[in-house]
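Visitor: Have a look at this one before I ask anything.
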Amino acid sequence: MSNASPVRDEPAAVKWTVIGLAALFIGLFIVLPLVNVFAQAFVKGWQAYLDALVEPDALAAIRLTLLVTALSVTANTVMGLVTAWAITKFSFKGKSFLITLIDLPFSVSPVVAGLIFVLLFGAQGYFGPWLIDNGWKIIFAWPGITLATVFVTFPFVARELIPLMQEQGTTEEEAAVTLGAGGWRVFSRVTLPNIKWALLYGVLLCNARAMGEFGAVSVVSGHVRGETNTIPLQVEILYNEYQFQASFAVASLLALLAIVTLLAKTALEARLVSRSGRH
Amino acid sequence: MSDMTLDRTTLVGTAPPTAARRQHSVIPGFGLTLGLTLLWLSLIVLIPLAALFVKTAELSVEQIAAILTAQRTLNALKISFGLSLAAAAINLVFGAVIVWALVRYDFPGRRILDGLIDIPFALPTAVAGIALTTLYAENGWIGSLLAPLGIKVAFTPLGILVALVFIGLPFVVRTVQPVLEDLDHELEEAAATLGAGRWTTIRRVVLPAVLPAFLTGFALAFARAVGEYGSVIFIAGNLPNISEIAPLLIVIRLEEFRYADATTIAATMLVASFILLFIINGLQRWSQSRTGRTA
């Protein structure tokens, strides 16, 4: 990283002012909020912290979050692989437009993401009356929460895979097919080993977002304690009831998840770089 | 599987049908994977988004106009777009400082600082929201320092700005950083050899090269901020016309069963997002053509 060059260096005073400002800004806007989460969570000590986590409503929220995340991450992983295969192994018209459409959920406000499913499946929605007649509940229940989560995490896996698979090209797969391998064998024996780290990276990011999604889930959940509250919604309810310590204790689980995700991401990026270095 | 037979003939050199819509490939699964992709995309993304526009189109033009020109709607949109613009501008300035420090200087703790940039991406918005609110409340770590100066951040529009700066920062940094890293050092050295001062070199050589990336980062941060909900609603105070953001107004109208209002505001914001997406795509192409790298 050291790229010292006499003509490209600024005076030391400028250098350290820039570094100082950068550190100050990051400290103030990023480190302090993060530290604050844990400080508030432990403000009454370990016992209160643990009590807040094993409280029945908190446990129910954790269970619901795990269920919703398992479903939506699985769906988006399988479909992310399918999508990346279609986009990178073949050439067809409208490909770049298709990629834009896949990225679309990133530019939709989470609240709008929730609203669209209410418009379809809510009591006043297009399919609402039919669902009610058949005794199915989507909005204000786990299926709606899952749908909204699938929507907001839709692009994560595909967008990690597409650039890498594009770069890797199709020659290895073509060779395998020519040697007589079937589609599934080509995928599992040739493609998958080439993309495993990028796939894991995408799954990790997808998982973090799925567990932490707030806006979209908030609109479709109905906020029933112990039933339709995910972890972030439980954080909100506790906070609004002025149970700050309990709220931060539950929130610390999500903060921990964020930290673990970033550490894993750093480790994976090192692997991704060394991999693409060989190609 | 009929694809396979066709492809094998292409492989041995038989002329492919001229009406072919794709280059033939020996790799199987084109129809299956593209079909599933389009089905999944339609079910999860396209049809639900279309429902929003269909629902809005059921209203008359007068109804839509009345909803959008209502004082509370106008103010919510003004607050959302105005503060998002301000936050993106702040991130542009401090993002530039941070990127320069991370890319150009070696100092202890650089890698840790670099890793911390992604926290706003990874930290769930509700967690960021309550953490920022507690920090900036009058008895909080930062709020208690600002209170004697007469500055109130939490539960004012200033609080919204703080939350939007928090969530927008990584967009600017992560967009500009790789472009500055890839910038050819020889250009700057050439400029210096030709007698340009350091400031002139940065302004005339470095800035034009990284400008498209900066604009892309700005647009990404702005787009994200406009739709942001979780990190804002705790710190905003949520007073109608003063500190009520547009996404919150959508939620409020929905809870009041005023579906027409909720969908109209949502459709407006969605159109704005699409326009922004279009601009961002254009900026990225510009950046790529200038530096040969994806921003």
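All residue names refer to the structure tokens as shown: chains lettered A, B, ... in order, residues numbered from 1 in each chain, ligands numbered from 1 in order.
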What lies within 9 Å of Thr264 of chain B using only C-alpha atoms, ignoring chain neighbours under 4 positions off, as a ChimeraX atom specification?

Guide: /B:52-53,55-57,59,64,67-68,250,259-260,268-269

Visitor: Export C-alpha atoms of the chosen residues as an mmCIF file, in the first residue's frame?

Guide:
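Result went into part.cif, see below:
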data_model
loop_
_atom_site.group_PDB
_atom_site.id
_atom_site.type_symbol
_atom_site.label_atom_id
_atom_site.label_comp_id
_atom_site.auth_asym_id
_atom_site.auth_seq_id
_atom_site.Cartn_x
_atom_site.Cartn_y
_atom_site.Cartn_z
ATOM 1 C CA LEU B 52 -48.899 -0.301 -6.969
ATOM 2 C CA PHE B 53 -49.267 1.503 -10.303
ATOM 3 C CA LYS B 55 -53.949 0.734 -7.786
ATOM 4 C CA THR B 56 -52.852 4.349 -8.282
ATOM 5 C CA ALA B 57 -54.243 4.378 -11.828
ATOM 6 C CA LEU B 59 -57.791 7.071 -9.069
ATOM 7 C CA ILE B 64 -54.033 12.141 -7.371
ATOM 8 C CA ILE B 67 -53.296 13.935 -2.534
ATOM 9 C CA LEU B 68 -49.948 15.142 -3.855
ATOM 10 C CA ILE B 250 -47.087 6.246 3.675
ATOM 11 C CA TYR B 259 -55.069 3.421 0.723
ATOM 12 C CA ALA B 260 -55.396 5.995 -2.062
ATOM 13 C CA THR B 268 -44.536 8.998 -6.653
ATOM 14 C CA MET B 269 -41.530 7.885 -4.660
#

Visitor: Which residues come within 8 Å of Leu34 of chain B, counting only C-alpha atoms, excluding same-chain residues fewer than 2 positions away, as a PyMOL selection string?

Guide: (chain A and resi 82-83+86-87) or (chain B and resi 30-32+36-38)

Visitor: Quick one: residues within 12 Å of Gly115 of chain B, only C-alpha atoms counted, chain neighbours fewer than 2 positions away excluded, as an NGL selection string?

Guide: (:A and (26 or 30-31 or 258-267 or 269)) or (:B and (102 or 109-113 or 117-122 or 170 or 173-174))

Visitor: Just list the residues in segment 32-169 of chain A DSSP gives helix (DSSP H, G or I) on the backbone, as a PDB file with C-alpha atoms, in the first residue's frame.

Guide:
ATOM      1  CA  LEU A  32     -20.004   5.847  18.684  1.00  0.00           C
ATOM      2  CA  PRO A  33     -23.450   4.535  17.616  1.00  0.00           C
ATOM      3  CA  LEU A  34     -22.100   0.979  17.514  1.00  0.00           C
ATOM      4  CA  VAL A  35     -20.423   1.247  20.924  1.00  0.00           C
ATOM      5  CA  ASN A  36     -23.563   2.884  22.281  1.00  0.00           C
ATOM      6  CA  VAL A  37     -25.662  -0.186  21.403  1.00  0.00           C
ATOM      7  CA  PHE A  38     -23.563  -2.389  23.685  1.00  0.00           C
ATOM      8  CA  ALA A  39     -23.140   0.273  26.378  1.00  0.00           C
ATOM      9  CA  GLN A  40     -26.927   0.671  26.661  1.00  0.00           C
ATOM     10  CA  ALA A  41     -27.501  -3.086  26.513  1.00  0.00           C
ATOM     11  CA  GLY A  45     -25.255  -5.555  33.993  1.00  0.00           C
ATOM     12  CA  TRP A  46     -25.077  -9.081  32.618  1.00  0.00           C
ATOM     13  CA  GLN A  47     -28.083 -10.480  34.440  1.00  0.00           C
ATOM     14  CA  ALA A  48     -30.473  -7.852  33.086  1.00  0.00           C
ATOM     15  CA  TYR A  49     -28.949  -8.346  29.646  1.00  0.00           C
ATOM     16  CA  LEU A  50     -29.572 -12.089  29.672  1.00  0.00           C
ATOM     17  CA  ASP A  51     -33.041 -11.649  31.189  1.00  0.00           C
ATOM     18  CA  ALA A  52     -34.006  -9.399  28.298  1.00  0.00           C
ATOM     19  CA  LEU A  53     -32.893 -12.050  25.790  1.00  0.00           C
ATOM     20  CA  VAL A  54     -34.731 -15.008  27.315  1.00  0.00           C
ATOM     21  CA  PRO A  56     -40.759 -15.054  26.055  1.00  0.00           C
ATOM     22  CA  ASP A  57     -41.632 -12.324  23.516  1.00  0.00           C
ATOM     23  CA  ALA A  58     -37.962 -11.848  22.674  1.00  0.00           C
ATOM     24  CA  LEU A  59     -37.545 -15.594  22.180  1.00  0.00           C
ATOM     25  CA  ALA A  60     -40.640 -15.687  19.976  1.00  0.00           C
ATOM     26  CA  ALA A  61     -39.170 -12.824  17.896  1.00  0.00           C
ATOM     27  CA  ILE A  62     -35.882 -14.694  17.545  1.00  0.00           C
ATOM     28  CA  ARG A  63     -37.723 -17.860  16.434  1.00  0.00           C
ATOM     29  CA  LEU A  64     -39.780 -15.951  13.852  1.00  0.00           C
ATOM     30  CA  THR A  65     -36.700 -14.188  12.500  1.00  0.00           C
ATOM     31  CA  LEU A  66     -34.878 -17.510  12.145  1.00  0.00           C
ATOM     32  CA  LEU A  67     -37.847 -19.058  10.301  1.00  0.00           C
ATOM     33  CA  VAL A  68     -38.316 -16.114   7.934  1.00  0.00           C
ATOM     34  CA  THR A  69     -34.579 -15.855   7.278  1.00  0.00           C
ATOM     35  CA  ALA A  70     -34.188 -19.578   6.602  1.00  0.00           C
ATOM     36  CA  LEU A  71     -37.021 -19.485   4.067  1.00  0.00           C
ATOM     37  CA  SER A  72     -36.046 -16.295   2.273  1.00  0.00           C
ATOM     38  CA  VAL A  73     -32.303 -16.947   2.168  1.00  0.00           C
ATOM     39  CA  THR A  74     -32.862 -20.468   0.825  1.00  0.00           C
ATOM     40  CA  ALA A  75     -35.243 -19.214  -1.857  1.00  0.00           C
ATOM     41  CA  ASN A  76     -32.969 -16.377  -2.917  1.00  0.00           C
ATOM     42  CA  THR A  77     -29.870 -18.580  -2.912  1.00  0.00           C
ATOM     43  CA  VAL A  78     -31.404 -21.196  -5.186  1.00  0.00           C
ATOM     44  CA  MET A  79     -32.915 -18.557  -7.462  1.00  0.00           C
ATOM     45  CA  GLY A  80     -29.728 -16.482  -7.364  1.00  0.00           C
ATOM     46  CA  LEU A  81     -27.802 -19.467  -8.723  1.00  0.00           C
ATOM     47  CA  VAL A  82     -30.437 -20.107 -11.384  1.00  0.00           C
ATOM     48  CA  THR A  83     -30.421 -16.439 -12.396  1.00  0.00           C
ATOM     49  CA  ALA A  84     -26.633 -16.191 -12.516  1.00  0.00           C
ATOM     50  CA  TRP A  85     -26.491 -19.366 -14.641  1.00  0.00           C
ATOM     51  CA  ALA A  86     -28.995 -18.001 -17.163  1.00  0.00           C
ATOM     52  CA  ILE A  87     -27.272 -14.619 -17.343  1.00  0.00           C
ATOM     53  CA  THR A  88     -23.631 -15.657 -17.458  1.00  0.00           C
ATOM     54  CA  LYS A  89     -23.595 -18.943 -19.374  1.00  0.00           C
ATOM     55  CA  LYS A  95     -29.530  -9.198 -20.752  1.00  0.00           C
ATOM     56  CA  SER A  96     -28.420  -5.881 -19.298  1.00  0.00           C
ATOM     57  CA  PHE A  97     -32.050  -4.841 -18.876  1.00  0.00           C
ATOM     58  CA  LEU A  98     -32.687  -8.091 -17.010  1.00  0.00           C
ATOM     59  CA  ILE A  99     -29.762  -7.336 -14.683  1.00  0.00           C
ATOM     60  CA  THR A 100     -31.248  -3.895 -13.997  1.00  0.00           C
ATOM     61  CA  LEU A 101     -34.585  -5.515 -13.131  1.00  0.00           C
ATOM     62  CA  ILE A 102     -32.886  -7.926 -10.734  1.00  0.00           C
ATOM     63  CA  ASP A 103     -31.260  -4.985  -8.939  1.00  0.00           C
ATOM     64  CA  LEU A 104     -34.572  -3.109  -8.791  1.00  0.00           C
ATOM     65  CA  PRO A 105     -35.485  -4.023  -5.175  1.00  0.00           C
ATOM     66  CA  PHE A 106     -32.375  -2.156  -4.005  1.00  0.00           C
ATOM     67  CA  SER A 107     -33.824   1.114  -5.199  1.00  0.00           C
ATOM     68  CA  PRO A 110     -38.525  -0.645   2.272  1.00  0.00           C
ATOM     69  CA  VAL A 111     -41.885   0.873   3.143  1.00  0.00           C
ATOM     70  CA  VAL A 112     -42.996   0.655  -0.490  1.00  0.00           C
ATOM     71  CA  ALA A 113     -41.747  -2.950  -0.553  1.00  0.00           C
ATOM     72  CA  GLY A 114     -44.093  -3.752   2.303  1.00  0.00           C
ATOM     73  CA  LEU A 115     -46.970  -1.763   0.866  1.00  0.00           C
ATOM     74  CA  ILE A 116     -47.055  -3.619  -2.453  1.00  0.00           C
ATOM     75  CA  PHE A 117     -47.699  -6.916  -0.668  1.00  0.00           C
ATOM     76  CA  VAL A 118     -50.455  -5.317   1.399  1.00  0.00           C
ATOM     77  CA  LEU A 119     -52.036  -4.132  -1.870  1.00  0.00           C
ATOM     78  CA  LEU A 120     -51.961  -7.701  -3.210  1.00  0.00           C
ATOM     79  CA  PHE A 121     -52.745  -9.812  -0.162  1.00  0.00           C
ATOM     80  CA  GLY A 128     -57.495 -10.369   0.000  1.00  0.00           C
ATOM     81  CA  PRO A 129     -61.162 -11.454  -0.134  1.00  0.00           C
ATOM     82  CA  TRP A 130     -60.282 -14.741  -1.834  1.00  0.00           C
ATOM     83  CA  LEU A 131     -57.605 -15.472   0.773  1.00  0.00           C
ATOM     84  CA  ILE A 132     -60.029 -14.708   3.602  1.00  0.00           C
ATOM     85  CA  ASP A 133     -62.692 -17.005   2.075  1.00  0.00           C
ATOM     86  CA  TRP A 142     -45.328 -15.056   8.690  1.00  0.00           C
ATOM     87  CA  PRO A 143     -45.962 -15.649   4.953  1.00  0.00           C
ATOM     88  CA  GLY A 144     -46.291 -11.894   4.350  1.00  0.00           C
ATOM     89  CA  ILE A 145     -43.182 -11.197   6.421  1.00  0.00           C
ATOM     90  CA  THR A 146     -41.339 -13.802   4.370  1.00  0.00           C
ATOM     91  CA  LEU A 147     -42.543 -12.346   1.049  1.00  0.00           C
ATOM     92  CA  ALA A 148     -41.443  -8.839   2.018  1.00  0.00           C
ATOM     93  CA  THR A 149     -38.074 -10.201   3.138  1.00  0.00           C
ATOM     94  CA  VAL A 150     -37.623 -12.154  -0.096  1.00  0.00           C
ATOM     95  CA  PHE A 151     -38.330  -8.934  -2.009  1.00  0.00           C
ATOM     96  CA  VAL A 152     -35.759  -6.788  -0.188  1.00  0.00           C
ATOM     97  CA  PHE A 156     -27.975 -10.145  -2.985  1.00  0.00           C
ATOM     98  CA  VAL A 157     -26.882 -13.627  -4.126  1.00  0.00           C
ATOM     99  CA  ALA A 158     -27.311 -13.049  -7.861  1.00  0.00           C
ATOM    100  CA  ARG A 159     -25.355  -9.798  -7.876  1.00  0.00           C
ATOM    101  CA  GLU A 160     -22.367 -11.376  -6.108  1.00  0.00           C
ATOM    102  CA  LEU A 161     -22.327 -14.299  -8.549  1.00  0.00           C
ATOM    103  CA  ILE A 162     -22.931 -12.536 -11.871  1.00  0.00           C
ATOM    104  CA  PRO A 163     -19.697 -10.479 -12.130  1.00  0.00           C
ATOM    105  CA  LEU A 164     -17.523 -13.420 -11.054  1.00  0.00           C
ATOM    106  CA  MET A 165     -19.212 -15.959 -13.349  1.00  0.00           C
ATOM    107  CA  GLN A 166     -19.044 -13.480 -16.213  1.00  0.00           C
ATOM    108  CA  GLU A 167     -15.323 -13.110 -15.667  1.00  0.00           C
ATOM    109  CA  GLN A 168     -14.817 -16.878 -15.488  1.00  0.00           C
TER     110      GLN A 168
END

Visitor: Between atom CA of Val186 of chain A and atom CA of Glu173 of chain A, what distance in Å does the model show, to one decimal?

Guide: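 If I compute the distance from atom CA of Val186 of chain A to atom CA of Glu173 of chain A, I get 6.1 Å.
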
Visitor: Looking at only C-alpha atoms, which of A:Arg185, A:Arg209, A:Lys137, A:Lys44 is the one that sits closest to chain B?

Guide: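 Smallest separation from chain B among the options: A:Arg209.
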
Visitor: Return the single residue from A:Ala198, A:Thr17, A:Phe42, A:Leu24 that is closest to Ser247 of chain A, with distances computed using only C-alpha atoms.

Guide: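 The closest residue to Ser247 of chain A is A:Phe42.
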
Visitor: Find the residues around Phe214 of chain B up to 8 Å (only C-alpha atoms counted), leave out those fewer than 2 positions away in its own chain, and share them as a list in words.

Guide: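 The contact residues come out as Leu92, Val172, Thr175, Val176, Val210, Leu211, Pro212, Thr216, Gly217 and Phe218 of chain B.
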
Visitor: Write out as an MDAnalysis selection string each polymer residue whose atoms come within 12 Å of Trp199 of chain B, counting only C-alpha atoms; drop sequence neighbours fewer than 3 positions from it.

Guide: (chainID A and resid 7:11 14) or (chainID B and resid 188 191:192 195:196 202:207)

Visitor: Just the selected residues (C-alpha atoms), exported as a short mmCIF file (atom, residue, chain, number, x, y, z; two decimals), in the first residue's frame, please.

Guide:
data_model
loop_
_atom_site.label_atom_id
_atom_site.label_comp_id
_atom_site.auth_asym_id
_atom_site.auth_seq_id
_atom_site.Cartn_x
_atom_site.Cartn_y
_atom_site.Cartn_z
CA VAL A 7 6.14 14.44 -6.21
CA ARG A 8 2.86 12.83 -5.13
CA ASP A 9 3.08 13.47 -1.40
CA GLU A 10 1.33 16.24 0.44
CA PRO A 11 3.01 18.02 3.37
CA VAL A 14 -2.01 18.17 5.34
CA GLU B 188 0.22 12.72 -11.37
CA ALA B 191 1.88 16.62 -14.08
CA ALA B 192 4.33 17.32 -11.27
CA GLY B 195 5.64 21.91 -13.16
CA ALA B 196 2.13 21.64 -11.77
CA ILE B 202 -5.28 17.17 -7.75
CA ARG B 203 -7.72 19.63 -9.28
CA ARG B 204 -6.78 19.12 -12.94
CA VAL B 205 -5.64 15.49 -13.04
CA VAL B 206 -7.17 13.54 -10.15
CA LEU B 207 -10.54 15.25 -9.86
#

Visitor: Would you mind reading off the distance between atom CA of Leu239 of chain B and atom CA of Leu83 of chain B, one decimal, in Å?

Guide: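 Rounded to one decimal, the two atoms are 15.2 Å apart.
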